[in-house]
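Report on the structure given below.
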Amino acid sequence: MATNLEIIPIKEWLDYKEHPLVISGPCSAENEEQVINTAKQLAQIHNVKVYRAGLWKPRTRPNYFEGVGSKGLVWLQRVKEETNLKVAVEVAKPSHIEKCLAHGIDILWIGARTVVNPFSVQEIAEALKGVDIPVMVKNPINPDLTLWMGALERVNKSGIKKLVAVHRGFYSLNQSMYRNPPMWEIPIELKRLVPNIPIIVDPSHICGNKELLLDISQKAMDLEMDGLMIESHIKPWAALSDAKQQIEPKNLKLLLGKIVIREMRGTKEFENKLTSYRNQIDEIDDELLDILGRRLKIVDEIGQYKNEHKITILQLKRWSYIIEDRLKKGLKHNLDRDFLQKLLELMHAESLRIQTEIMNKTPEN
Ligand code: PEP
Ligand code: MN
């Protein structure tokens, strides 16, 4: 369900002109030298305006590096004094917020593991009441848009209007080349339901490695996302957390140089042509829906007929024939095999559902 959040656009609270806005810094602050040196190198990159560093790290198992905690706050104060960067820290409980506020941290973010828990988010939201600070809300680990929206709403209800969503990919059971597959349809749906929410994409946690960072960053720009959060470290190979996905500041600069920013709007001629294409798609979709409706009506009739004659719903031979025949024909129309297979399975599942309903309603004994 669409929701109206009261949001102040990033440009009104952060001084930057370059697109995309880039937030960068190490996964974790490890020591003063690493924090300061990484920040100094990042400050040389035009697009980087915000320095991120985790101080309290949510780790899956105990006995891993859990962050340096509060002592990193003074290192970040030094970053502020010695560069033009704003500093951002992940907070997971009210005491973190208190400490960040006491040390002049500019921006807070709520991590993916915290956003899954409405109790934690509510506690954080309460602690933010009356505070004027930008807050970034990462998506929850599981692909649940409602949970993400819920967290944004809770924080917004506490009076935080400088609000940003961060897309960091989602957990999936399926094998994937990504650590957290991007499932772009979810942030796109978020944009549709909350049109004024800025979305920053975090390619580092989506990819889990350096190799795929450029592709995901490019895709984020092509989908008109508002910025990027990319982890960087002066010695990524020696990082205490997320070593595989962090890059050196000089490589971040190279990566940003390779991103192509395409125009969001084209010339009048381009717009006209696009409108004509879209009209064609609208007409074809109308036809598709009409055809689907007709197909399912026949499925319904078959269901009644099978029921009257006490014949089972699933006729394997017929289903095998349909799959084989439609795949063959579809491939001739240049349709992708996987897409076709999924479409056929979806239609078949719907046919089974309709026929089962008929059998359940009017069992012919
Ligand atoms: C992080 O940004 O370092 C982090 C822990 O990210 P996430 O909450 O997205 O896993
Ligand atoms: Mn990390």
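By order of appearance in the structure tokens: chains A, B, ..., then residues from 1 within every chain, and ligands from 1 in the order shown.
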Name the residues of stretch 32-272 of chain A that come out as helix (DSSP H, G or I) in a backbone DSSP run; write them as number ranges by chain.
A: 32-42, 69-82, 94-102, 112-115, 118-128, 145-157, 185-193, 203-207, 213-222, 236-238, 243-245, 249-258, 268-272
Would you give me, as JSON lines, each residue of chain A having an atom within 8 Å of an atom of ligand 1, along with its shortest atom pair and that distance in Å to one decimal, using only C-alpha atoms and all ligand atoms and sorting by chain and residue number?
{"residue": "A:Pro26", "atom": "CA", "partner": "ligand 1", "partner_atom_place_in_ligand_line": "3 (O)", "distance": 7.8}
{"residue": "A:Cys27", "atom": "CA", "partner": "ligand 1", "partner_atom_place_in_ligand_line": "3 (O)", "distance": 4.4}
{"residue": "A:Ser28", "atom": "CA", "partner": "ligand 1", "partner_atom_place_in_ligand_line": "3 (O)", "distance": 6.7}
{"residue": "A:Ala53", "atom": "CA", "partner": "ligand 1", "partner_atom_place_in_ligand_line": "3 (O)", "distance": 7.5}
{"residue": "A:Gly54", "atom": "CA", "partner": "ligand 1", "partner_atom_place_in_ligand_line": "3 (O)", "distance": 5.9}
{"residue": "A:Lys57", "atom": "CA", "partner": "ligand 1", "partner_atom_place_in_ligand_line": "5 (C)", "distance": 6.3}
{"residue": "A:Pro58", "atom": "CA", "partner": "ligand 1", "partner_atom_place_in_ligand_line": "5 (C)", "distance": 6.3}
{"residue": "A:Glu90", "atom": "CA", "partner": "ligand 1", "partner_atom_place_in_ligand_line": "2 (O)", "distance": 7.3}
{"residue": "A:Ile110", "atom": "CA", "partner": "ligand 1", "partner_atom_place_in_ligand_line": "8 (O)", "distance": 7.1}
{"residue": "A:Gly111", "atom": "CA", "partner": "ligand 1", "partner_atom_place_in_ligand_line": "8 (O)", "distance": 3.5}
{"residue": "A:Ala112", "atom": "CA", "partner": "ligand 1", "partner_atom_place_in_ligand_line": "8 (O)", "distance": 3.8}
{"residue": "A:Arg113", "atom": "CA", "partner": "ligand 1", "partner_atom_place_in_ligand_line": "8 (O)", "distance": 5.7}
{"residue": "A:Thr114", "atom": "CA", "partner": "ligand 1", "partner_atom_place_in_ligand_line": "8 (O)", "distance": 7.5}
{"residue": "A:Lys138", "atom": "CA", "partner": "ligand 1", "partner_atom_place_in_ligand_line": "9 (O)", "distance": 6.1}
{"residue": "A:Asn139", "atom": "CA", "partner": "ligand 1", "partner_atom_place_in_ligand_line": "9 (O)", "distance": 7.4}
{"residue": "A:Ile141", "atom": "CA", "partner": "ligand 1", "partner_atom_place_in_ligand_line": "10 (O)", "distance": 7.5}
{"residue": "A:Arg168", "atom": "CA", "partner": "ligand 1", "partner_atom_place_in_ligand_line": "9 (O)", "distance": 5.3}
{"residue": "A:Gly169", "atom": "CA", "partner": "ligand 1", "partner_atom_place_in_ligand_line": "9 (O)", "distance": 7.8}
{"residue": "A:Asp202", "atom": "CA", "partner": "ligand 1", "partner_atom_place_in_ligand_line": "9 (O)", "distance": 7.7}
{"residue": "A:His205", "atom": "CA", "partner": "ligand 1", "partner_atom_place_in_ligand_line": "9 (O)", "distance": 5.9}
{"residue": "A:Glu231", "atom": "CA", "partner": "ligand 1", "partner_atom_place_in_ligand_line": "3 (O)", "distance": 7.8}
{"residue": "A:Asp242", "atom": "CA", "partner": "ligand 1", "partner_atom_place_in_ligand_line": "3 (O)", "distance": 7.7}
Residues as selected, all heavy atoms, written as a compact mmCIF listing (two decimals), in the first residue's frame, can you do that?
# COMPACT_ATOMS: atom_id res chain seq x y z
N PRO A 26 35.49 2.18 5.15
CA PRO A 26 35.66 0.76 5.44
C PRO A 26 34.40 0.12 6.01
O PRO A 26 33.56 0.81 6.58
CB PRO A 26 36.77 0.76 6.50
CG PRO A 26 36.64 2.09 7.17
CD PRO A 26 36.18 3.05 6.12
N CYS A 27 34.33 -1.20 5.84
CA CYS A 27 33.24 -1.94 6.49
C CYS A 27 33.33 -1.61 7.98
O CYS A 27 32.36 -1.15 8.57
CB CYS A 27 33.43 -3.43 6.24
SG CYS A 27 32.21 -4.43 7.07
N SER A 28 34.53 -1.78 8.55
CA SER A 28 34.71 -1.49 9.97
C SER A 28 35.88 -0.54 10.19
O SER A 28 36.91 -0.67 9.51
CB SER A 28 35.07 -2.77 10.73
OG SER A 28 34.14 -3.77 10.49
N ALA A 53 31.77 4.12 8.37
CA ALA A 53 32.61 3.16 9.07
C ALA A 53 31.78 2.50 10.16
O ALA A 53 31.11 3.19 10.93
CB ALA A 53 33.82 3.85 9.68
N GLY A 54 31.80 1.16 10.19
CA GLY A 54 31.06 0.45 11.23
C GLY A 54 31.89 0.40 12.50
O GLY A 54 33.09 0.10 12.47
N LYS A 57 29.84 -3.98 15.06
CA LYS A 57 29.58 -4.84 13.92
C LYS A 57 28.70 -6.02 14.28
O LYS A 57 29.03 -6.78 15.19
CB LYS A 57 30.90 -5.38 13.35
CG LYS A 57 31.85 -4.32 12.84
CD LYS A 57 31.23 -3.45 11.77
CE LYS A 57 30.86 -4.18 10.50
NZ LYS A 57 30.25 -3.25 9.52
N PRO A 58 27.60 -6.19 13.57
CA PRO A 58 26.75 -7.36 13.82
C PRO A 58 27.41 -8.57 13.15
O PRO A 58 27.48 -8.64 11.93
CB PRO A 58 25.45 -6.99 13.11
CG PRO A 58 25.83 -6.00 12.05
CD PRO A 58 27.13 -5.37 12.44
N GLU A 90 26.77 2.98 11.72
CA GLU A 90 25.61 2.10 11.94
C GLU A 90 25.24 2.06 13.41
O GLU A 90 26.11 1.87 14.27
CB GLU A 90 25.94 0.67 11.46
CG GLU A 90 24.81 -0.31 11.82
CD GLU A 90 25.00 -1.74 11.33
OE1 GLU A 90 25.94 -1.99 10.54
OE2 GLU A 90 24.20 -2.60 11.75
N ILE A 110 20.71 2.32 9.93
CA ILE A 110 20.24 1.11 10.62
C ILE A 110 20.54 -0.06 9.68
O ILE A 110 20.17 -0.04 8.50
CB ILE A 110 18.73 1.20 10.93
CG1 ILE A 110 18.40 2.54 11.62
CG2 ILE A 110 18.29 0.03 11.79
CD1 ILE A 110 16.93 2.73 11.92
N GLY A 111 21.23 -1.06 10.20
CA GLY A 111 21.70 -2.16 9.36
C GLY A 111 20.63 -3.20 9.07
O GLY A 111 19.58 -3.25 9.71
N ALA A 112 20.95 -4.04 8.08
CA ALA A 112 19.99 -5.04 7.58
C ALA A 112 19.53 -6.01 8.66
O ALA A 112 18.38 -6.44 8.68
CB ALA A 112 20.62 -5.80 6.42
N ARG A 113 20.45 -6.36 9.57
CA ARG A 113 20.08 -7.32 10.61
C ARG A 113 19.19 -6.71 11.67
O ARG A 113 18.47 -7.40 12.38
CB ARG A 113 21.35 -7.90 11.26
CG ARG A 113 22.02 -8.91 10.38
CD ARG A 113 23.46 -9.16 10.80
NE ARG A 113 24.17 -9.88 9.75
CZ ARG A 113 24.63 -9.33 8.64
NH1 ARG A 113 24.47 -8.03 8.43
NH2 ARG A 113 25.22 -10.05 7.72
N THR A 114 19.25 -5.41 11.81
CA THR A 114 18.41 -4.72 12.79
C THR A 114 17.02 -4.47 12.21
O THR A 114 16.01 -4.60 12.93
CB THR A 114 19.06 -3.39 13.21
OG1 THR A 114 20.41 -3.66 13.62
CG2 THR A 114 18.32 -2.73 14.34
N LYS A 138 18.65 0.53 5.91
CA LYS A 138 18.95 -0.53 4.96
C LYS A 138 17.76 -1.47 4.84
O LYS A 138 16.92 -1.54 5.75
CB LYS A 138 20.18 -1.31 5.42
CG LYS A 138 21.48 -0.53 5.24
CD LYS A 138 22.66 -1.47 5.24
CE LYS A 138 23.92 -0.80 4.75
NZ LYS A 138 24.96 -1.78 4.43
N ASN A 139 17.69 -2.20 3.71
CA ASN A 139 16.59 -3.17 3.61
C ASN A 139 16.87 -4.33 4.56
O ASN A 139 18.02 -4.61 4.88
CB ASN A 139 16.41 -3.66 2.16
CG ASN A 139 17.62 -4.40 1.62
OD1 ASN A 139 18.43 -3.85 0.90
ND2 ASN A 139 17.76 -5.67 1.98
N ILE A 141 17.34 -8.19 5.72
CA ILE A 141 18.03 -9.25 5.00
C ILE A 141 17.07 -10.05 4.13
O ILE A 141 17.38 -10.38 2.99
CB ILE A 141 18.73 -10.20 6.02
CG1 ILE A 141 19.79 -9.40 6.76
CG2 ILE A 141 19.30 -11.42 5.32
CD1 ILE A 141 20.77 -10.21 7.54
N ARG A 168 20.69 -3.04 -0.16
CA ARG A 168 21.92 -3.83 -0.03
C ARG A 168 21.73 -5.29 -0.41
O ARG A 168 22.51 -6.14 -0.04
CB ARG A 168 22.51 -3.69 1.39
CG ARG A 168 21.53 -3.89 2.51
CD ARG A 168 21.22 -5.32 2.83
NE ARG A 168 22.26 -5.96 3.58
CZ ARG A 168 22.47 -7.27 3.62
NH1 ARG A 168 21.67 -8.10 2.97
NH2 ARG A 168 23.44 -7.78 4.34
N GLY A 169 20.64 -5.56 -1.19
CA GLY A 169 20.41 -6.92 -1.64
C GLY A 169 19.76 -7.76 -0.55
O GLY A 169 19.66 -7.33 0.60
N ASP A 202 23.88 -0.17 -2.32
CA ASP A 202 25.11 -0.62 -1.68
C ASP A 202 25.64 -1.84 -2.45
O ASP A 202 25.37 -2.98 -2.10
CB ASP A 202 24.77 -0.99 -0.22
CG ASP A 202 25.90 -1.67 0.55
OD1 ASP A 202 26.90 -2.07 -0.07
OD2 ASP A 202 25.77 -1.79 1.77
N HIS A 205 27.64 -4.91 -0.46
CA HIS A 205 26.96 -6.02 0.22
C HIS A 205 26.10 -6.83 -0.73
O HIS A 205 25.78 -7.98 -0.44
CB HIS A 205 26.18 -5.50 1.43
CG HIS A 205 27.09 -5.05 2.53
ND1 HIS A 205 27.56 -3.77 2.60
CD2 HIS A 205 27.69 -5.74 3.55
CE1 HIS A 205 28.39 -3.67 3.64
NE2 HIS A 205 28.48 -4.85 4.23
N GLU A 231 32.10 0.07 -0.05
CA GLU A 231 33.11 -0.08 1.01
C GLU A 231 34.52 0.05 0.44
O GLU A 231 34.83 -0.52 -0.61
CB GLU A 231 32.96 -1.44 1.69
CG GLU A 231 31.73 -1.50 2.58
CD GLU A 231 31.60 -2.80 3.35
OE1 GLU A 231 32.21 -3.82 2.94
OE2 GLU A 231 30.90 -2.81 4.36
N ASP A 242 34.53 -8.29 5.92
CA ASP A 242 34.20 -8.10 4.50
C ASP A 242 35.42 -7.80 3.62
O ASP A 242 35.35 -6.92 2.73
CB ASP A 242 33.14 -6.99 4.35
CG ASP A 242 31.76 -7.45 4.83
OD1 ASP A 242 31.60 -8.66 5.09
OD2 ASP A 242 30.86 -6.60 4.92
Selected residue of minimal separation from ligand 2 among A:Met136, A:Leu152, A:Ile45, A:Ala239, counting only C-alpha atoms and all ligand atoms
A:Ala239
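Closest approach to A:Pro182 among A:Arg154, A:Lys219, A:Arg265, A:Lys306: A:Lys219, based on only C-alpha atoms.
Closest approach to A:Asn47 among A:Leu256, A:Ile302, A:Leu327, A:Leu212: A:Leu256, based on only C-alpha atoms.
Residues lying within 12 Å of A:Glu12, counting only C-alpha atoms and ignoring same-chain neighbours fewer than 3 positions away, are Ile7, Ile8, Pro9, Asp15, Tyr16, Lys17, Pro134, Lys161, Lys162 and Leu163 of chain A.
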Would you return as number ranges by chain the members of stretch 208-350 of chain A that DSSP assigns to strand (DSSP E or B) on this structure's backbone?
A: 227-232, 247
